[in-house]
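Here's the structure we're looking at; comments come further down.
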Amino acid sequence: MVLFFTSHVVSPPYVIYVGEDKHENEELIRWGWPEDVWFHVDKLSSAHVYLRLHPNETLDDVPQVVLDDCAQLVKANSIQGCKQSNVDVVYTLWSNLKKTAGMEVGQVGFHRQKEVRTIKVEKKNEIVNRLNKTKVEKKPDLRAEREERDRRERETQKERLREEKQKEKEEEEKKKQEAELRSYSSLMRSENMTSNQDAGYDSDDFM
């Protein structure tokens, strides 16, 4: 089961989702999206919380109030962390998560430690209560959703490539037409035209 929450502190809102147990976390690690941000209490056991970024958004674009929502949700879903007055929460993009064969179920490492960020969190029940009012339980087919997401991305990239090629073709045609026009204008310049007098065919007045 995956728990979905909605953060309405900004518009458009953000979707936050959480694995119900370590086995569900394992599936989320495997089938996460490149635009997902992973949150976890530092050095303590906790739920794996994910934030889905908006299209074309980077981690730096996420408002602080949204990061606070995610961090509060992580703290509240940590057996040890929820009892402490404050904890550190680490977060990074899903693509930075590293899973090796020797790791336990639900355990992860990082490809690049320098891309892991930390936020200090103090307990704020009002945030967690607000988010809990939006909670929806689902059992999604994570693999199918990821494959559909990748298919749409491939189609978008193909369409963008087609548009770029069409634009290049139109620009080449425009340049060709402009070159032909310049060539025609050059031929029509007076200094490049030959008169009857220049050719030795003097014309008398009509008698």
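Going through the structure tokens in order, the chains are called A, B, and so on, while each chain numbers its residues from 1 and the ligands are numbered from 1 in the order shown.
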Write down as a VMD selection string the residues of chain A whose backbone DSSP state falls under helix (DSSP H, G or I). chain A and resid 22 to 31 59 to 61 64 to 76 81 to 83 94 to 96 113 to 115 125 to 132 142 to 187 190 to 192
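The residue that comes closest to Glu57 of chain A, out of A:Tyr14, A:Glu27, A:Phe5, A:Ser45 and on the basis of only C-alpha atoms, is A:Tyr14.
Going from atom CA of Ser78 of chain A to atom CA of His40 of chain A covers 8.9 Å.
Residue nearest Phe39 of chain A within the list A:Pro63, A:Lys22, A:Val74, A:Val9: A:Val74 [criterion: smallest interatomic distance, only C-alpha atoms].
If you look at atom CA of Tyr17 of chain A and atom CA of Asn86 of chain A, they are 22.2 Å away from each other.
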Record the distance separating atom CA of Gly19 of chain A and atom CA of Pro140 of chain A, expressed in Å with one decimal. 11.3 Å
As a ChimeraX atom specification, please: every residue in chain A that a backbone DSSP assignment puts in strand (DSSP E or B). /A:2-7,14-19,36-41,49-52,86-93,97-98,109-110,117-122,136-138
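Near Asn129 of chain A, within a cut-off of 12 Å and counting only C-alpha atoms, sit the residues Phe5, Ser7, Asp69, Gln72, Leu73, Ala76, Lys123, Lys124, Asn125, Glu126, Ile127, Leu131, Asn132, Lys133, Thr134 and Lys135 of chain A, with same-chain residues fewer than 2 positions away left out.
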Residues as selected, C-alpha atoms, written as a JSON list (two decimals), in the first residue's frame, can you do that?
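And here's selection_6.json as it stands now:
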```json
[["chain", "number", "residue", "atom", "x", "y", "z"],
["A", 5, "PHE", "CA", -0.74, 13.22, 0.44],
["A", 7, "SER", "CA", 0.54, 19.75, -0.17],
["A", 69, "ASP", "CA", 5.83, 19.51, 4.63],
["A", 72, "GLN", "CA", 7.53, 16.92, 8.91],
["A", 73, "LEU", "CA", 5.91, 13.86, 7.37],
["A", 76, "ALA", "CA", 6.19, 11.93, 12.15],
["A", 123, "LYS", "CA", 8.04, 18.98, 15.49],
["A", 124, "LYS", "CA", 4.99, 20.83, 14.15],
["A", 125, "ASN", "CA", 1.80, 18.82, 14.60],
["A", 126, "GLU", "CA", -0.32, 21.32, 12.66],
["A", 127, "ILE", "CA", 1.56, 20.52, 9.44],
["A", 131, "LEU", "CA", -1.41, 16.66, 5.43],
["A", 132, "ASN", "CA", -3.20, 13.73, 7.07],
["A", 133, "LYS", "CA", -6.54, 15.25, 6.02],
["A", 134, "THR", "CA", -5.48, 14.75, 2.39],
["A", 135, "LYS", "CA", -4.25, 11.15, 2.83]]
```
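Excluding Lys75 of chain A and any residue on its chain fewer than 3 positions from it, the residues at most 9 Å away by only C-alpha atoms are His40, Val41, Ser46, Ala47, Cys70, Ala71, Gln72, Ser78, Ile79, Gln80, Gly81, Cys82, Lys83, Gln84, Asn86, Val87, Asp88, Val89, Val121, Glu122 and Lys123 of chain A.
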Output file for the residues above (N, CA, C and O atoms, as a compact mmCIF listing (two decimals), in the first residue's frame):
```txt
# COMPACT_ATOMS: atom_id res chain seq x y z
N HIS A 40 14.32 11.19 4.11
CA HIS A 40 14.50 10.19 5.16
C HIS A 40 15.15 10.86 6.36
O HIS A 40 15.97 11.77 6.20
N VAL A 41 14.77 10.42 7.57
CA VAL A 41 15.42 10.94 8.76
C VAL A 41 16.88 10.48 8.76
O VAL A 41 17.16 9.30 8.51
N SER A 46 13.13 5.41 9.43
CA SER A 46 11.94 6.23 9.17
C SER A 46 11.28 5.76 7.88
O SER A 46 11.82 4.94 7.14
N ALA A 47 10.12 6.32 7.62
CA ALA A 47 9.45 6.07 6.35
C ALA A 47 10.26 6.70 5.23
O ALA A 47 11.05 7.62 5.46
N CYS A 70 7.26 17.87 3.61
CA CYS A 70 7.86 16.53 3.44
C CYS A 70 8.67 16.13 4.66
O CYS A 70 8.58 14.98 5.14
N ALA A 71 9.45 17.06 5.16
CA ALA A 71 10.31 16.77 6.31
C ALA A 71 9.49 16.46 7.56
O ALA A 71 9.82 15.55 8.33
N GLN A 72 8.39 17.19 7.76
CA GLN A 72 7.53 16.92 8.91
C GLN A 72 6.88 15.55 8.80
O GLN A 72 6.73 14.84 9.80
N SER A 78 8.71 8.30 11.87
CA SER A 78 9.92 7.67 12.38
C SER A 78 9.68 7.31 13.85
O SER A 78 9.36 8.19 14.66
N ILE A 79 9.80 6.05 14.19
CA ILE A 79 9.52 5.60 15.56
C ILE A 79 10.38 6.34 16.57
O ILE A 79 9.90 6.78 17.63
N GLN A 80 11.66 6.52 16.25
CA GLN A 80 12.55 7.24 17.15
C GLN A 80 12.48 8.75 16.92
O GLN A 80 12.45 9.54 17.86
N GLY A 81 12.43 9.14 15.64
CA GLY A 81 12.46 10.56 15.31
C GLY A 81 11.26 11.33 15.82
O GLY A 81 11.39 12.50 16.21
N CYS A 82 10.08 10.70 15.85
CA CYS A 82 8.88 11.42 16.28
C CYS A 82 8.91 11.76 17.77
O CYS A 82 8.17 12.63 18.23
N LYS A 83 9.77 11.08 18.52
CA LYS A 83 9.88 11.32 19.96
C LYS A 83 10.87 12.43 20.29
O LYS A 83 10.91 12.91 21.42
N GLN A 84 11.70 12.80 19.31
CA GLN A 84 12.72 13.81 19.55
C GLN A 84 12.20 15.20 19.20
O GLN A 84 11.35 15.35 18.32
N ASN A 86 13.82 17.62 17.79
CA ASN A 86 14.23 17.98 16.42
C ASN A 86 15.15 16.90 15.86
O ASN A 86 15.85 16.21 16.61
N VAL A 87 15.12 16.76 14.56
CA VAL A 87 15.96 15.78 13.86
C VAL A 87 16.45 16.40 12.56
O VAL A 87 15.92 17.40 12.08
N ASP A 88 17.47 15.76 11.99
CA ASP A 88 17.93 16.12 10.65
C ASP A 88 17.27 15.20 9.64
O ASP A 88 17.21 13.98 9.85
N VAL A 89 16.77 15.78 8.58
CA VAL A 89 16.19 15.01 7.49
C VAL A 89 17.04 15.22 6.25
O VAL A 89 17.36 16.36 5.90
N VAL A 121 14.59 19.71 11.38
CA VAL A 121 13.14 19.72 11.54
C VAL A 121 12.75 19.71 13.01
O VAL A 121 13.19 18.85 13.78
N GLU A 122 11.92 20.66 13.39
CA GLU A 122 11.32 20.68 14.71
C GLU A 122 9.86 20.24 14.58
O GLU A 122 9.20 20.55 13.59
N LYS A 123 9.38 19.54 15.57
CA LYS A 123 8.04 18.98 15.49
C LYS A 123 6.96 20.05 15.37
O LYS A 123 6.91 21.00 16.16
```
Given only C-alpha atoms as the basis, pick out the residue of A:Glu115, A:Glu137, A:Glu147, A:Glu26 nearest to Leu3 of chain A. A:Glu137
Residues within 10 Å of Arg143 of chain A, only C-alpha atoms, excluding chain neighbours under 3 positions, as a ChimeraX atom specification: /A:27-28,30-32,140,146-149
Dump as a PDB file, in the first residue's frame, selection limited to C-alpha atoms:
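As written to disk, part_1.pdb reads:
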```pdb
ATOM      1  CA  GLU A  27       9.321  -1.129  -4.782  1.00  0.00           C
ATOM      2  CA  LEU A  28       9.359   2.660  -4.581  1.00  0.00           C
ATOM      3  CA  ARG A  30      13.038   0.417  -7.808  1.00  0.00           C
ATOM      4  CA  TRP A  31      10.276   2.159  -9.732  1.00  0.00           C
ATOM      5  CA  GLY A  32      10.696   5.793  -8.681  1.00  0.00           C
ATOM      6  CA  PRO A 140      -0.696   1.304  -7.660  1.00  0.00           C
ATOM      7  CA  ARG A 146       6.874   4.114 -14.555  1.00  0.00           C
ATOM      8  CA  GLU A 147       6.792   2.420 -17.967  1.00  0.00           C
ATOM      9  CA  GLU A 148       3.878   4.620 -19.047  1.00  0.00           C
ATOM     10  CA  ARG A 149       5.747   7.690 -17.844  1.00  0.00           C
TER      11      ARG A 149
END
```
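Of the listed residues (A:His48, A:Lys176, A:His54, A:Lys169), A:His48 comes nearest to Leu97 of chain A; the distances count only C-alpha atoms.
With only C-alpha atoms as the atoms that count, the minimum distance from Arg117 of chain A to the choices A:Leu67, A:Met1, A:Ser186, A:Tyr91 is reached by A:Tyr91.
Among the candidate residues A:Ala144, A:Val105, A:Leu187, A:Val116, the one lying nearest to Leu93 of chain A is A:Val116, with distances computed using only C-alpha atoms.
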